[in-house]
$ cat model.pdb   # PDB, C-alpha atoms
ATOM      1  CA  MET Z   1     -20.579 -15.896 -34.418
ATOM      2  CA  ILE Z   2     -18.857 -15.515 -31.035
ATOM      3  CA  THR Z   3     -18.758 -18.785 -29.177
ATOM      4  CA  LYS Z   4     -18.106 -19.605 -25.561
ATOM      5  CA  ASP Z   5     -14.767 -21.162 -26.620
ATOM      6  CA  CYS Z   6     -13.746 -17.947 -28.377
ATOM      7  CA  ILE Z   7     -14.574 -15.841 -25.310
ATOM      8  CA  GLU Z   8     -12.715 -18.196 -22.961
ATOM      9  CA  THR Z   9      -9.672 -18.287 -25.248
ATOM     10  CA  THR Z  10      -9.643 -14.487 -25.531
ATOM     11  CA  TYR Z  11     -10.043 -14.075 -21.765
ATOM     12  CA  SER Z  12      -7.254 -16.566 -21.103
ATOM     13  CA  PHE Z  13      -4.971 -14.809 -23.601
ATOM     14  CA  LEU Z  14      -5.652 -11.349 -22.132
ATOM     15  CA  HIS Z  15      -5.244 -12.624 -18.581
ATOM     16  CA  GLN Z  16      -1.858 -14.115 -19.452
ATOM     17  CA  LYS Z  17      -0.743 -10.903 -21.178
ATOM     18  CA  ARG Z  18      -1.872  -8.819 -18.195
ATOM     19  CA  ASN Z  19       0.090 -11.042 -15.822
ATOM     20  CA  VAL Z  20       3.180 -10.848 -18.026
ATOM     21  CA  TYR Z  21       2.875  -7.041 -18.103
ATOM     22  CA  ILE Z  22       2.418  -6.789 -14.342
ATOM     23  CA  HIS Z  23       5.387  -9.065 -13.683
ATOM     24  CA  SER Z  24       7.593  -7.244 -16.193
ATOM     25  CA  THR Z  25       6.790  -3.839 -14.672
ATOM     26  CA  LEU Z  26       7.671  -5.127 -11.213
ATOM     27  CA  ASP Z  27      10.795  -6.958 -12.374
ATOM     28  CA  TRP Z  28      13.589  -5.316 -10.395
ATOM     29  CA  GLN Z  29      16.116  -7.234 -12.497
ATOM     30  CA  ASN Z  30      15.013  -5.131 -15.481
ATOM     31  CA  ASP Z  31      17.905  -2.898 -16.579
ATOM     32  CA  GLU Z  32      15.614   0.040 -17.413
ATOM     33  CA  ILE Z  33      14.061   0.027 -13.935
ATOM     34  CA  GLN Z  34      17.455  -0.223 -12.281
ATOM     35  CA  GLU Z  35      18.733   2.687 -14.372
ATOM     36  CA  VAL Z  36      15.775   4.920 -13.466
ATOM     37  CA  VAL Z  37      16.112   4.015  -9.777
ATOM     38  CA  LEU Z  38      19.859   4.694  -9.902
ATOM     39  CA  TYR Z  39      19.351   8.151 -11.448
ATOM     40  CA  TYR Z  40      16.615   8.912  -8.911
ATOM     41  CA  LEU Z  41      18.885   7.928  -6.015
ATOM     42  CA  ILE Z  42      21.763  10.019  -7.354
ATOM     43  CA  VAL Z  43      19.560  13.108  -7.718
ATOM     44  CA  ILE Z  44      17.763  12.740  -4.361
ATOM     45  CA  ASN Z  45      21.076  12.219  -2.543
ATOM     46  CA  ILE Z  46      22.679  15.285  -4.147
ATOM     47  CA  VAL Z  47      19.601  17.366  -3.311
ATOM     48  CA  THR Z  48      19.556  16.068   0.275
ATOM     49  CA  PHE Z  49      23.259  16.769   0.739
ATOM     50  CA  LEU Z  50      22.789  20.341  -0.522
ATOM     51  CA  VAL Z  51      19.694  20.902   1.635
ATOM     52  CA  TYR Z  52      21.636  19.852   4.743
ATOM     53  CA  GLY Z  53      24.363  22.336   3.750
ATOM     54  CA  ILE Z  54      21.823  25.114   3.197
ATOM     55  CA  ASP Z  55      20.234  24.414   6.582
ATOM     56  CA  LYS Z  56      23.648  24.554   8.266
ATOM     57  CA  LEU Z  57      24.386  27.883   6.588
ATOM     58  CA  LYS Z  58      21.024  29.252   7.717
ATOM     59  CA  ALA Z  59      21.704  28.023  11.246
ATOM     60  CA  LYS Z  60      24.996  29.940  11.333
ATOM     61  CA  LYS Z  61      23.296  33.110  10.124
ATOM     62  CA  ALA Z  62      20.338  32.717  12.509
ATOM     63  CA  MET Z  63      17.928  32.627   9.565
ATOM     64  CA  TRP Z  64      14.723  30.725   8.961
ATOM     65  CA  ARG Z  65      15.498  26.993   9.059
ATOM     66  CA  ILE Z  66      14.388  23.890   7.223
ATOM     67  CA  ARG Z  67      12.162  21.699   9.383
ATOM     68  CA  GLU Z  68      13.751  18.610  10.884
ATOM     69  CA  THR Z  69      10.858  16.522   9.558
ATOM     70  CA  SER Z  70      11.682  17.733   6.033
ATOM     71  CA  LEU Z  71      15.332  16.801   6.487
ATOM     72  CA  LEU Z  72      14.381  13.342   7.739
ATOM     73  CA  MET Z  73      11.794  12.890   4.983
ATOM     74  CA  LEU Z  74      14.439  13.530   2.332
ATOM     75  CA  ALA Z  75      16.434  10.674   3.859
ATOM     76  CA  VAL Z  76      13.397   8.385   3.910
ATOM     77  CA  LEU Z  77      12.639   9.183   0.255
ATOM     78  CA  GLY Z  78      16.029   7.807  -0.757
ATOM     79  CA  GLY Z  79      18.459  10.547   0.212
ATOM     80  CA  SER Z  80      19.832   8.792   3.272
ATOM     81  CA  ILE Z  81      23.422   8.645   1.984
ATOM     82  CA  GLY Z  82      23.244  12.360   1.117
ATOM     83  CA  ALA Z  83      21.862  13.067   4.594
ATOM     84  CA  TRP Z  84      24.648  11.077   6.263
ATOM     85  CA  LEU Z  85      27.308  12.788   4.139
ATOM     86  CA  GLY Z  86      25.689  16.176   4.834
ATOM     87  CA  MET Z  87      25.870  15.488   8.549
ATOM     88  CA  LYS Z  88      29.543  14.549   8.298
ATOM     89  CA  VAL Z  89      30.712  17.232   5.857
ATOM     90  CA  TRP Z  90      28.669  20.134   7.230
ATOM     91  CA  HIS Z  91      28.866  18.918  10.874
ATOM     92  CA  HIS Z  92      25.122  19.401  10.965
ATOM     93  CA  LYS Z  93      22.587  17.688  13.256
ATOM     94  CA  THR Z  94      25.299  15.389  14.618
ATOM     95  CA  LEU Z  95      24.249  15.880  18.249
ATOM     96  CA  HIS Z  96      20.547  15.192  17.694
ATOM     97  CA  LYS Z  97      19.726  11.578  18.545
ATOM     98  CA  LYS Z  98      17.023  11.267  15.902
ATOM     99  CA  PHE Z  99      19.614  12.148  13.265
ATOM    100  CA  ARG Z 100      22.622  10.409  14.806
ATOM    101  CA  TYR Z 101      20.742   7.110  15.094
ATOM    102  CA  GLY Z 102      17.854   7.699  12.697
ATOM    103  CA  ILE Z 103      19.850   8.304   9.519
ATOM    104  CA  PRO Z 104      21.989   5.140   9.907
ATOM    105  CA  ALA Z 105      18.808   3.173  10.697
ATOM    106  CA  ILE Z 106      17.179   4.508   7.522
ATOM    107  CA  ILE Z 107      20.282   3.536   5.513
ATOM    108  CA  ILE Z 108      20.191  -0.007   6.920
ATOM    109  CA  ILE Z 109      16.477  -0.379   6.178
ATOM    110  CA  GLN Z 110      16.900   0.941   2.645
ATOM    111  CA  LEU Z 111      19.834  -1.387   1.980
ATOM    112  CA  ALA Z 112      17.775  -4.317   3.276
ATOM    113  CA  VAL Z 113      14.899  -3.396   0.951
ATOM    114  CA  ILE Z 114      17.258  -3.057  -2.018
ATOM    115  CA  GLY Z 115      18.866  -6.401  -1.179
ATOM    116  CA  TYR Z 116      15.464  -8.056  -0.889
ATOM    117  CA  LEU Z 117      14.275  -6.634  -4.221
ATOM    118  CA  GLN Z 118      17.537  -7.470  -5.957
ATOM    119  CA  TYR Z 119      17.711 -11.098  -4.843
ATOM    120  CA  GLN Z 120      14.077 -12.167  -4.530
TER     121      GLN Z 120
END
$ encode --input "model.pdb" --output "structure tokens"
Amino acid sequence: MITKDCIETTYSFLHQKRNVYIHSTLDWQNDEIQEVVLYYLIVINIVTFLVYGIDKLKAKKAMWRIRETSLLMLAVLGGSIGAWLGMKVWHHKTLHKKFRYGIPAIIIIQLAVIGYLQYQ
């Protein structure tokens, strides 16, 4: 027969397990999470760098261009280093204030978030 004690014990056990699972999935110190994030950042930065180069090439050939919002969104999604390097290497969007000041601002914000998550 199921008793009130049995139900409370089961609930308590499941609640503790759920909390452990939630905390382990959000544990930024976890090596697996850090590895996935690292691979993601490498890929998004390479893609962003190449997209900036493609846009510069299209600009030289007076072809259809990649939207500035798309270029900035790639930086926001983690490709800020690739965007900054693309600006420097390709000499692209260096005169536009939203890129000249926006990309470094995005880098600073992303580094602050990483620092916060790493040392919380």
$ closest_residue --input "model.pdb" --among "Z:Pro104, Z:Glu32, Z:Arg65, Z:Ile54" --to "Ile81 (chain Z)" --atoms "only C-alpha atoms"
Z:Pro104
$ residues_around --input "model.pdb" --residues "Lys98 (chain Z)" --least-positions-apart "4" --cutoff "12 Å" --atoms "only C-alpha atoms" --output "PyMOL selection string"
chain Z and resi 68-69+71-72+93-94+102-106
$ closest_residue --input "model.pdb" --among "Z:His91, Z:Val76, Z:Tyr40, Z:Gln34" --to "Ile109 (chain Z)" --atoms "all atoms listed in the file"
Z:Val76
$ axis_aligned_box --input "model.pdb" --around "region 65-73 of chain Z" --padding-each-side "3 Å" --output "AutoDock Vina command-line options"
--center_x 13.2 --center_y 19.9 --center_z 7.9 --size_x 10.6 --size_y 20.1 --size_z 11.9
$ resolve_selection --input "model.pdb" --expression "the PyMOL selection byres ((chain Z and resi 46) around 12)" --output "VMD selection string"
chain Z and resid 39 to 45 47 to 53 74 to 75 78 to 86
$ atom_distance --input "model.pdb" --atom1 "CA of Gly115 (chain Z)" --atom2 "CA of Phe99 (chain Z)"
23.5 Å
$ atom_distance --input "model.pdb" --atom1 "CA of Val113 (chain Z)" --atom2 "CA of Arg100 (chain Z)"
21.0 Å
$ atom_distance --input "model.pdb" --atom1 "CA of Gln29 (chain Z)" --atom2 "CA of Met73 (chain Z)"
27.0 Å
$ resolve_selection --input "model.pdb" --expression "the PyMOL selection byres ((chain Z and resi 117) around 12)" --output "ChimeraX atom specification"
/Z:26-30,33-34,110-116,118-120
